[in-house]
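This is target_16.cif (mmCIF, C-alpha atoms).
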data_coords
#
loop_
_atom_site.label_atom_id
_atom_site.label_comp_id
_atom_site.auth_asym_id
_atom_site.auth_seq_id
_atom_site.Cartn_x
_atom_site.Cartn_y
_atom_site.Cartn_z
CA MET A 19 -127.70 26.66 262.44
CA ASN A 20 -129.61 23.73 261.00
CA THR A 21 -132.31 25.52 258.99
CA THR A 22 -134.43 22.39 258.73
CA LYS A 23 -135.37 22.47 262.40
CA THR A 24 -139.01 23.11 263.01
CA ILE A 25 -140.66 24.77 265.99
CA LEU A 26 -144.40 24.54 266.64
CA ILE A 27 -145.87 27.45 268.60
CA ILE A 28 -149.23 27.37 270.39
CA GLU A 29 -150.33 30.86 271.44
CA ASP A 30 -153.83 32.32 271.33
CA ASN A 31 -152.66 35.93 271.29
CA PRO A 32 -152.08 36.62 267.56
CA ASP A 33 -149.55 39.40 268.17
CA SER A 34 -147.48 37.19 270.46
CA LEU A 35 -147.74 34.30 267.99
CA ASN A 36 -146.57 36.50 265.11
CA LEU A 37 -143.75 37.97 267.14
CA TYR A 38 -142.35 34.64 268.39
CA GLY A 39 -142.58 33.40 264.80
CA GLU A 40 -140.74 36.44 263.40
CA ILE A 41 -137.93 36.09 265.93
CA LEU A 42 -137.47 32.37 265.38
CA ARG A 43 -137.64 32.64 261.58
CA SER A 44 -134.93 35.31 261.71
CA GLU A 45 -132.81 32.72 263.56
CA GLY A 46 -133.32 30.27 260.70
CA PHE A 47 -136.04 28.04 262.10
CA ASN A 48 -139.06 26.75 260.26
CA VAL A 49 -142.06 27.87 262.33
CA ILE A 50 -145.59 26.52 262.51
CA GLY A 51 -148.00 28.77 264.42
CA THR A 52 -151.30 27.63 265.92
CA ALA A 53 -153.80 29.46 268.11
CA HIS A 54 -154.76 26.58 270.38
CA GLY A 55 -154.00 22.98 271.30
CA LYS A 56 -156.81 21.53 269.19
CA ALA A 57 -155.46 23.21 266.04
CA ALA A 58 -151.94 22.05 266.91
CA LEU A 59 -153.02 18.41 267.28
CA LYS A 60 -154.96 18.59 264.03
CA CYS A 61 -151.92 20.06 262.26
CA LEU A 62 -149.60 17.35 263.62
CA GLU A 63 -152.00 14.56 262.68
CA GLU A 64 -152.74 15.87 259.19
CA THR A 65 -149.28 16.99 258.12
CA GLN A 66 -147.36 14.29 259.99
CA VAL A 67 -144.67 16.91 260.62
CA VAL A 68 -142.68 16.13 263.75
CA PRO A 69 -141.40 19.41 265.17
CA ASP A 70 -138.10 19.62 267.01
CA LEU A 71 -139.63 21.76 269.75
CA ILE A 72 -143.04 22.93 270.91
CA LEU A 73 -143.44 26.34 272.53
CA MET A 74 -146.81 26.50 274.25
CA ASP A 75 -148.89 28.81 276.35
CA LEU A 76 -150.78 27.34 279.31
CA THR A 77 -154.03 29.09 278.43
CA PHE A 78 -155.85 28.57 275.16
CA PRO A 79 -159.42 27.82 274.07
CA PHE A 80 -161.14 24.47 273.54
CA MET A 81 -158.85 22.28 275.62
CA THR A 82 -156.52 22.52 278.58
CA ALA A 83 -152.74 22.37 278.32
CA GLU A 84 -152.90 18.98 280.05
CA GLU A 85 -155.34 17.64 277.46
CA PHE A 86 -153.10 18.91 274.67
CA VAL A 87 -149.98 17.21 276.04
CA SER A 88 -151.90 13.99 276.58
CA GLY A 89 -153.16 14.14 272.97
CA LEU A 90 -149.68 15.00 271.70
CA ARG A 91 -148.04 12.08 273.42
CA SER A 92 -150.55 9.70 271.88
CA ILE A 93 -149.51 10.68 268.33
CA GLN A 94 -146.98 8.40 266.69
CA GLY A 95 -143.57 10.10 266.58
CA CYS A 96 -144.56 12.87 269.00
CA LYS A 97 -143.98 11.07 272.28
CA LYS A 98 -140.64 12.72 272.98
CA ILE A 99 -140.91 16.16 271.36
CA PRO A 100 -139.45 18.65 273.84
CA ILE A 101 -141.83 21.29 275.20
CA ILE A 102 -141.12 24.76 276.57
CA VAL A 103 -144.03 26.40 278.37
CA ILE A 104 -144.42 30.18 277.99
CA SER A 105 -146.73 31.76 280.54
CA GLY A 106 -147.30 34.63 282.90
CA GLN A 107 -149.17 32.47 285.40
CA ILE A 108 -147.74 32.48 288.89
CA ASP A 109 -147.69 28.68 289.10
CA VAL A 110 -145.91 28.23 285.75
CA GLU A 111 -143.09 26.17 287.27
CA ASN A 112 -145.44 23.72 289.01
CA ARG A 113 -147.59 23.33 285.92
CA THR A 114 -144.49 22.83 283.74
CA ASN A 115 -143.44 20.02 286.06
CA ALA A 116 -146.93 18.53 286.07
CA LEU A 117 -146.96 18.54 282.26
CA LYS A 118 -143.50 16.93 282.25
CA ALA A 119 -142.41 19.74 279.92
CA ASN A 120 -138.68 20.36 279.50
CA ASP A 121 -138.53 23.99 280.56
CA PHE A 122 -140.54 27.17 281.05
CA ILE A 123 -140.19 30.87 280.25
CA GLU A 124 -142.06 33.23 282.53
CA LYS A 125 -143.60 36.37 281.02
CA PRO A 126 -142.47 39.10 280.71
CA PHE A 127 -139.12 37.81 279.46
CA ASP A 128 -136.03 39.02 277.58
CA LEU A 129 -135.23 38.26 273.98
CA GLU A 130 -131.87 36.76 275.04
CA LEU A 131 -133.51 34.44 277.58
CA PHE A 132 -136.09 33.35 274.99
CA LEU A 133 -133.42 32.52 272.41
CA SER A 134 -131.07 30.86 274.88
CA LYS A 135 -133.82 28.54 276.14
CA VAL A 136 -134.89 27.63 272.60
CA LEU A 137 -131.35 27.14 271.32
CA GLY A 138 -130.46 25.21 274.47
CA ILE A 139 -132.98 22.57 273.51
CA VAL A 140 -132.99 22.47 269.72
CA SER A 141 -129.23 22.46 269.38
CA MET A 142 -128.78 19.57 271.82
CA MET B 3 -161.58 26.90 298.80
CA ARG B 4 -157.87 26.21 298.95
CA ASP B 5 -156.44 25.16 302.32
CA ALA B 6 -153.96 28.04 302.21
CA ASP B 7 -156.79 30.57 301.87
CA LYS B 8 -158.73 28.97 304.64
CA TYR B 9 -155.69 29.04 306.90
CA TRP B 10 -154.98 32.66 306.07
CA ALA B 11 -158.55 33.69 306.69
CA MET B 12 -158.71 31.82 309.99
CA GLN B 13 -155.46 33.37 311.15
CA ASN B 14 -156.55 36.87 310.44
CA LEU B 15 -160.21 36.85 311.39
CA LYS B 16 -161.95 35.91 314.59
CA ARG B 17 -165.40 34.46 314.17
CA SER B 18 -166.69 36.41 317.19
CA ASP B 19 -165.49 39.70 315.67
CA LEU B 20 -167.27 38.90 312.43
CA GLN B 21 -170.49 38.03 314.20
CA THR B 22 -170.29 41.32 316.06
CA GLU B 23 -170.04 43.10 312.74
CA GLY B 24 -172.84 40.97 311.27
CA LEU B 25 -170.50 39.35 308.77
CA ASN B 26 -170.35 35.77 307.61
CA LEU B 27 -166.98 34.02 307.69
CA GLU B 28 -167.72 31.81 304.68
CA THR B 29 -168.73 34.84 302.60
CA LEU B 30 -165.57 36.68 303.53
CA MET B 31 -163.39 33.68 302.81
CA GLU B 32 -165.07 33.30 299.43
CA ALA B 33 -164.41 36.98 298.71
CA LEU B 34 -160.75 36.48 299.62
CA PHE B 35 -160.55 33.50 297.29
CA TYR B 36 -162.01 35.43 294.34
CA ARG B 37 -159.76 38.41 295.07
CA ASP B 38 -156.64 36.24 295.02
CA GLU B 39 -157.79 34.46 291.88
CA PHE B 40 -158.46 37.81 290.23
CA LEU B 41 -154.99 39.11 291.14
CA SER B 42 -153.46 35.97 289.63
CA ILE B 43 -155.46 36.32 286.39
CA ALA B 44 -154.85 40.08 286.19
CA SER B 45 -151.09 39.69 286.53
CA HIS B 46 -151.11 37.08 283.77
CA GLU B 47 -153.23 39.25 281.47
CA LEU B 48 -150.96 42.25 282.01
CA LYS B 49 -147.80 40.24 281.38
CA THR B 50 -148.80 39.15 277.86
CA PRO B 51 -148.91 42.62 276.21
CA LEU B 52 -145.89 43.67 278.28
CA THR B 53 -143.92 40.71 276.91
CA THR B 54 -144.82 41.54 273.32
CA MET B 55 -143.84 45.17 273.75
CA ARG B 56 -140.59 44.24 275.48
CA LEU B 57 -139.60 41.76 272.76
CA HIS B 58 -140.39 44.23 269.97
CA THR B 59 -138.24 46.85 271.69
CA GLN B 60 -135.39 44.38 272.18
CA VAL B 61 -135.50 43.25 268.55
CA PHE B 62 -135.11 46.91 267.48
CA LYS B 63 -132.40 47.44 270.12
CA ARG B 64 -130.49 44.36 268.97
CA TYR B 65 -129.95 45.82 265.53
CA SER B 66 -129.40 49.32 266.86
CA THR B 67 -126.63 48.12 269.23
CA LYS B 68 -124.86 46.31 266.39
CA ASP B 69 -125.19 49.52 264.35
CA GLN B 70 -127.10 47.54 261.73
CA SER B 71 -130.21 48.71 259.99
CA LEU B 72 -133.28 46.57 260.49
CA PRO B 73 -133.58 43.86 257.83
CA TYR B 74 -137.26 44.72 257.52
CA SER B 75 -139.26 46.35 254.76
CA LYS B 76 -141.27 49.47 255.52
CA ASP B 77 -144.45 47.36 255.50
CA LYS B 78 -143.01 45.03 258.07
CA VAL B 79 -141.86 47.89 260.31
CA ASP B 80 -145.37 49.37 260.01
CA ARG B 81 -146.86 46.03 261.02
CA LEU B 82 -144.56 45.73 264.04
CA VAL B 83 -145.33 49.26 265.15
CA ASN B 84 -149.05 48.51 264.77
CA GLN B 85 -148.62 45.43 266.93
CA ILE B 86 -146.95 47.51 269.66
CA ASP B 87 -149.81 50.00 269.36
CA ALA B 88 -152.38 47.18 269.64
CA GLN B 89 -150.71 45.81 272.77
CA THR B 90 -150.62 49.28 274.29
CA SER B 91 -154.38 49.53 273.63
CA ARG B 92 -154.88 46.14 275.24
CA LEU B 93 -153.02 47.27 278.35
CA ILE B 94 -155.06 50.47 278.49
CA LYS B 95 -158.30 48.43 278.20
CA LEU B 96 -157.23 46.13 281.04
CA VAL B 97 -156.35 49.06 283.27
CA GLU B 98 -159.60 50.85 282.34
CA ASP B 99 -161.63 47.74 283.23
CA MET B 100 -159.93 47.57 286.61
CA LEU B 101 -160.54 51.28 287.18
CA ASP B 102 -164.20 50.80 286.21
CA ILE B 103 -164.52 48.17 288.94
CA SER B 104 -163.12 50.65 291.42
CA ARG B 105 -165.49 53.36 290.10
CA ILE B 106 -168.50 51.04 290.39
CA ARG B 107 -167.59 50.07 293.96
CA SER B 108 -167.26 53.71 294.96
CA GLY B 109 -170.37 54.80 293.05
CA GLN B 110 -168.30 56.96 290.72
CA LEU B 111 -169.13 55.37 287.37
CA CYS B 112 -170.28 58.65 285.86
CA MET B 113 -172.61 58.75 282.87
CA THR B 114 -172.80 61.63 280.42
CA LYS B 115 -176.19 61.08 278.84
CA ASP B 116 -177.38 62.42 275.55
CA ASP B 117 -179.64 61.46 272.65
CA PHE B 118 -177.67 59.36 270.15
CA ASN B 119 -178.18 57.05 267.19
CA VAL B 120 -177.59 53.62 268.70
CA SER B 121 -177.88 51.87 265.29
CA ASP B 122 -174.88 53.83 264.00
CA LEU B 123 -173.04 53.21 267.24
CA LEU B 124 -173.40 49.44 266.88
CA HIS B 125 -172.02 49.58 263.32
CA ASP B 126 -169.04 51.60 264.62
CA VAL B 127 -168.38 49.09 267.42
CA VAL B 128 -168.44 46.14 265.00
CA LEU B 129 -166.05 47.89 262.60
CA LYS B 130 -163.44 48.14 265.36
CA PHE B 131 -163.03 44.35 265.49
CA SER B 132 -160.43 42.68 263.27
CA LEU B 133 -161.35 41.72 259.71
CA ASN B 134 -161.41 38.01 260.62
CA GLN B 135 -163.78 38.72 263.48
CA ILE B 136 -166.02 40.99 261.40
CA ASN B 137 -166.37 38.19 258.85
CA ARG B 138 -167.87 36.00 261.59
CA ILE B 139 -170.49 38.58 262.58
CA SER B 140 -173.95 38.45 261.03
CA LEU B 141 -175.43 41.87 261.71
CA LYS B 142 -179.11 42.72 261.67
CA VAL B 143 -179.77 46.29 262.74
CA ASP B 144 -182.92 48.40 262.48
CA THR B 145 -181.85 51.82 261.23
CA ASN B 146 -182.11 55.11 263.10
CA ILE B 147 -182.92 53.85 266.56
CA PHE B 148 -182.24 56.56 269.11
CA LEU B 149 -181.37 56.02 272.76
CA TRP B 150 -180.98 58.37 275.69
CA GLY B 151 -177.75 57.40 277.40
CA ASP B 152 -173.99 57.52 277.61
CA CYS B 153 -172.81 56.75 274.10
CA GLU B 154 -169.31 55.56 275.10
CA ARG B 155 -170.60 53.35 277.90
CA VAL B 156 -173.24 51.75 275.69
CA ALA B 157 -170.49 51.09 273.11
CA GLN B 158 -168.56 49.39 275.92
CA VAL B 159 -171.56 47.11 276.60
CA PHE B 160 -171.85 46.20 272.90
CA HIS B 161 -168.11 45.56 272.65
CA ASN B 162 -167.92 43.41 275.78
CA ILE B 163 -170.82 41.18 274.78
CA ILE B 164 -169.77 40.78 271.13
CA ASN B 165 -166.16 40.18 272.18
CA ASN B 166 -167.24 37.44 274.60
CA ALA B 167 -169.33 35.74 271.92
CA LEU B 168 -166.40 35.78 269.47
CA LYS B 169 -164.03 34.51 272.15
CA PHE B 170 -166.23 31.68 273.42
CA SER B 171 -167.64 30.40 270.14
CA LYS B 172 -164.62 28.73 268.56
CA ASP B 173 -164.37 30.02 265.00
CA LEU B 174 -168.11 29.89 264.37
CA PRO B 175 -170.30 32.79 263.24
CA ILE B 176 -172.29 34.88 265.70
CA GLU B 177 -175.52 36.83 265.20
CA VAL B 178 -175.79 40.41 266.41
CA THR B 179 -179.21 42.04 266.38
CA LEU B 180 -180.58 45.47 267.31
CA ILE B 181 -184.32 45.98 267.02
CA LYS B 182 -186.93 48.35 268.36
CA LYS B 183 -190.23 46.87 269.48
CA LYS B 184 -192.73 49.44 270.73
CA THR B 185 -191.28 50.58 274.06
CA LYS B 186 -188.18 48.43 274.00
CA ILE B 187 -184.81 48.56 272.25
CA SER B 188 -183.30 45.08 272.22
CA PHE B 189 -179.68 44.28 271.52
CA SER B 190 -178.86 40.59 271.37
CA VAL B 191 -175.86 38.45 270.54
CA LYS B 192 -176.26 34.77 269.75
CA ASP B 193 -173.28 32.43 269.62
CA GLN B 194 -172.75 28.72 269.05
CA GLY B 195 -170.08 28.35 271.72
CA HIS B 196 -169.59 26.29 274.86
CA GLY B 197 -172.87 27.40 276.39
CA ILE B 198 -173.25 28.18 280.08
CA SER B 199 -174.69 25.89 282.75
CA GLN B 200 -177.75 27.01 284.75
CA GLU B 201 -175.56 27.38 287.83
CA ASN B 202 -173.02 29.58 286.04
CA GLN B 203 -175.75 31.70 284.41
CA LYS B 204 -176.59 32.98 287.90
CA ARG B 205 -173.09 34.21 288.64
CA ILE B 206 -171.55 35.38 285.36
CA PHE B 207 -172.78 38.94 285.81
CA HIS B 208 -170.87 39.21 289.07
CA ARG B 209 -167.30 40.38 289.47
CA PHE B 210 -164.41 38.04 288.57
CA GLN B 211 -166.79 35.30 287.38
CA ARG B 212 -166.68 33.33 284.15
CA GLY B 213 -168.82 30.82 282.37
CA ILE B 214 -165.82 28.56 281.89
CA SER B 215 -162.44 28.08 283.50
CA ALA B 216 -159.85 30.89 283.40
CA SER B 217 -157.35 28.34 282.15
CA GLU B 218 -159.29 28.03 278.88
CA VAL B 219 -159.72 31.67 277.91
CA SER B 220 -157.93 34.95 278.40
CA GLY B 221 -159.53 38.01 280.00
CA LEU B 222 -160.17 39.39 283.45
CA GLY B 223 -163.73 38.13 283.89
CA LEU B 224 -164.99 41.68 284.35
CA GLY B 225 -166.72 42.39 281.04
CA LEU B 226 -170.23 41.19 281.89
CA TYR B 227 -170.15 42.72 285.37
CA ILE B 228 -169.22 46.11 283.91
CA ALA B 229 -171.86 45.67 281.18
CA ARG B 230 -174.55 44.90 283.75
CA GLU B 231 -173.68 47.98 285.81
CA ILE B 232 -173.82 50.20 282.72
CA VAL B 233 -177.10 48.68 281.50
CA GLU B 234 -178.74 49.02 284.91
CA SER B 235 -177.64 52.63 285.16
CA HIS B 236 -179.65 53.13 281.93
CA ASN B 237 -182.67 51.45 283.57
CA GLY B 238 -182.10 48.52 281.25
CA LYS B 239 -181.87 44.80 281.81
CA ILE B 240 -179.24 42.28 280.75
CA SER B 241 -179.98 38.56 280.57
CA VAL B 242 -178.72 35.30 279.12
CA LYS B 243 -180.34 32.18 277.73
CA SER B 244 -178.01 29.29 277.23
CA CYS B 245 -177.71 25.59 276.82
CA PRO B 246 -174.37 23.86 277.46
CA GLU B 247 -172.60 22.89 274.21
CA LYS B 248 -175.32 24.60 272.13
CA GLY B 249 -174.43 28.24 272.63
CA SER B 250 -175.77 31.33 274.37
CA THR B 251 -177.85 34.39 273.61
CA PHE B 252 -177.17 37.55 275.58
CA THR B 253 -179.86 40.20 275.46
CA VAL B 254 -179.83 43.79 276.61
CA ASP B 255 -183.17 45.58 276.79
CA PHE B 256 -183.18 49.34 276.97
CA ILE B 257 -186.31 51.43 277.41
CA SER B 258 -187.07 53.56 274.37
CA LYS B 259 -186.39 57.26 274.78
CA ASP B 260 -190.07 57.99 274.04
CA LEU B 261 -191.01 56.58 277.45
CA LEU B 262 -188.39 58.39 279.52
#

Is it possible to express this structure as structure tokens?
Amino acid sequence: MNTTKTILIIEDNPDSLNLYGEILRSEGFNVIGTAHGKAALKCLEETQVVPDLILMDLTFPFMTAEEFVSGLRSIQGCKKIPIIVISGQIDVENRTNALKANDFIEKPFDLELFLSKVLGIVSM
Amino acid sequence: MRDADKYWAMQNLKRSDLQTEGLNLETLMEALFYRDEFLSIASHELKTPLTTMRLHTQVFKRYSTKDQSLPYSKDKVDRLVNQIDAQTSRLIKLVEDMLDISRIRSGQLCMTKDDFNVSDLLHDVVLKFSLNQINRISLKVDTNIFLWGDCERVAQVFHNIINNALKFSKDLPIEVTLIKKKTKISFSVKDQGHGISQENQKRIFHRFQRGISASEVSGLGLGLYIAREIVESHNGKISVKSCPEKGSTFTVDFISKDLL
């Protein structure tokens, strides 16, 4: 495992955010957690960190998922960062396609599925 | 309304039958739309705590299966268990809200009324929020105000309105006030959030309605409807004053016990 790989998580439920972070850190990833798209964009712009993967919810305050992805793609170096959408919404697959995200994980999901989807992308 | 809903409604309802029953097709189709939207939002809201609980369980199981002890300190285990407990509470709250809707519709939202110190109650409600949230609350409460009502239901009103203000007002502070003026006990919550348009102000106290899109915030959209029902069953009045992008003030006026 390359321990330098960084995953940015956008999740407005603090318990879910903490849990995804705990699991990924225990797998050796560096994790940045943010509660909404606006905070994530600010973090990316200010720190100039380019994560290897973004895990994002479809529902968060202050901006839509579409606005976030549009903002993300306009940041230098962030145009091709892979995205996995995590959501319990019934149209998660359609919205993942509309966002041109790489994959989606539908809630409620298994630990093994979560890790296999993440590892499938960051170890490519 | 979505084409699929329209099609479904048209397939299942005959306009002549509705007219016979004195019903309006548009109203029924609108009701169907909100019901379907609610079911979609409710399933999403239920899945989030379920996912957290499932993942926690599977993390524990992963180590248990490998016959390894958890690589966590006692503090960390305590924190994880608290998170599971918090998600369980969230699920219970969601289910209770849905049951309240059913109780309201069937006229079974029972009130157990008594004389209680509503000033103390408000302090108790605020203390149940997280530390970060409490730090955003500016509280101004007249002491020893007494109200005749259902203590738990009034706490639910306070919680729902404060929770909405915290949720919709970015990370900005909110002002919570409880004062007694002659015959009136006024509880108000002022936020600096998105604000609510005039059009939306008319419908936010109805079932499954929100001031802003469901895609921007979590929740079932039931809190204000339940609050209104509880307030009205106390002969009170709930209202909102708001200006888009400048914030909102929700006010609940109860009649002082002295006048009842």

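Of the residues listed (A:Leu90, A:Ala58, A:Val110, A:Leu37), A:Leu37 shows the shortest atom-to-atom separation from chain B; distances use only C-alpha atoms.
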
Could you give me, as a ChimeraX atom specification, the residues within 9 Å of region 133-141 of chain B, counting all atoms listed in the file and dropping anything in the same chain fewer than 6 positions from it?
/B:125,164,168,173-180

So which one's closest to Asp30 (chain A), A:Pro69, A:Pro100, A:Gly106, A:Pro79? Using all atoms listed in the file, please.
A:Pro79

For the point (-147.0, 31.2, 271.2) in the file's frame, write as a PyMOL selection string all residues with an atom no more than 8 Å away, counting all atoms listed in the file.
chain A and resi 27-31+34-35+38+51-53+73-75+104

Using all atoms listed in the file, can you list as a PyMOL selection string the residues within 7 Å of (-145.8, 38.6, 276.3)?
(chain A and resi 34+125-126) or (chain B and resi 49-54)

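Distance-wise, CA of Ile50 (chain A) and CA of Val67 (chain A) end up 9.8 Å apart.
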
Please identify every residue of chain A that has at least one atom no farther than 12 Å from an atom of chain B, counting all atoms listed in the file, and for each give the shortest atom pair and the distance in Å to one decimal, arranged by chain then increasing number, as CSV.
residue,atom,partner,partner_atom,distance
A:Glu29,CA,B:Thr50,CA,10.6
A:Asp30,CA,B:Ser220,CA,8.6
A:Asn31,CA,B:Thr50,CA,8.3
A:Pro32,CA,B:Gln85,CA,9.5
A:Asp33,CA,B:Gln85,CA,6.2
A:Ser34,CA,B:Thr54,CA,5.8
A:Leu35,CA,B:Thr54,CA,9.5
A:Asn36,CA,B:Gln85,CA,9.3
A:Leu37,CA,B:Thr54,CA,7.2
A:Tyr38,CA,B:Leu57,CA,8.8
A:Gly39,CA,B:Leu57,CA,11.9
A:Glu40,CA,B:Val61,CA,10.0
A:Ile41,CA,B:Val61,CA,8.0
A:Leu42,CA,B:Val61,CA,11.5
A:Ser44,CA,B:Pro73,CA,9.5
A:Glu45,CA,B:Val61,CA,12.0
A:Ala53,CA,B:Lys172,CA,10.9
A:His54,CA,B:Glu218,CA,9.7
A:Gly55,CA,B:Glu218,CA,10.5
A:Lys56,CA,B:Lys172,CA,10.6
A:Ala57,CA,B:Lys172,CA,11.0
A:Asp75,CA,B:Ser217,CA,10.3
A:Leu76,CA,B:Ser217,CA,7.2
A:Thr77,CA,B:Ser217,CA,5.0
A:Phe78,CA,B:Glu218,CA,5.1
A:Pro79,CA,B:Glu218,CA,4.8
A:Phe80,CA,B:Glu218,CA,6.7
A:Met81,CA,B:Glu218,CA,6.6
A:Thr82,CA,B:Glu218,CA,6.2
A:Ala83,CA,B:Ser217,CA,8.5
A:Glu84,CA,B:Ser217,CA,10.6
A:Glu85,CA,B:Glu218,CA,11.2
A:Phe86,CA,B:Glu218,CA,11.8
A:Ile104,CA,B:Thr50,CA,10.0
A:Ser105,CA,B:His46,CA,7.6
A:Gly106,CA,B:His46,CA,4.6
A:Gln107,CA,B:His46,CA,5.3
A:Ile108,CA,B:Ser42,CA,6.7
A:Asp109,CA,B:Ser42,CA,9.3
A:Val110,CA,B:His46,CA,10.5
A:Arg113,CA,B:Ser217,CA,11.6
A:Ile123,CA,B:Thr53,CA,11.0
A:Glu124,CA,B:Lys49,CA,9.1
A:Lys125,CA,B:Lys49,CA,5.7
A:Pro126,CA,B:Thr53,CA,4.4
A:Phe127,CA,B:Thr53,CA,6.2
A:Asp128,CA,B:Leu57,CA,6.6
A:Leu129,CA,B:Leu57,CA,5.7
A:Glu130,CA,B:Gln60,CA,8.9
A:Leu131,CA,B:Leu57,CA,10.7
A:Phe132,CA,B:Leu57,CA,9.4
A:Leu133,CA,B:Leu57,CA,11.1

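One finds CA of Ile232 (chain B) at 8.4 Å from CA of Leu111 (chain B).
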
Just need the box for region 93-98 of chain A, edges along x, y and z, holding every atom the file lists for it with 4 Å tacked onto each side, so centre and edge lengths in Å to one decimal, as lines of an AutoDock Vina configuration file.
center_x = -145.1
center_y = 10.6
center_z = 269.8
size_x = 16.9
size_y = 12.5
size_z = 14.4

Run the PyMOL selection byres ((chain B and resi 241) around 12) mentally over the shown coordinates, then write out the matched residues as a PyMOL selection string, using the chain letters and numbers from the document.
chain B and resi 163+188-191+203-207+226-227+229-230+233-234+238-240+242-244+250-256
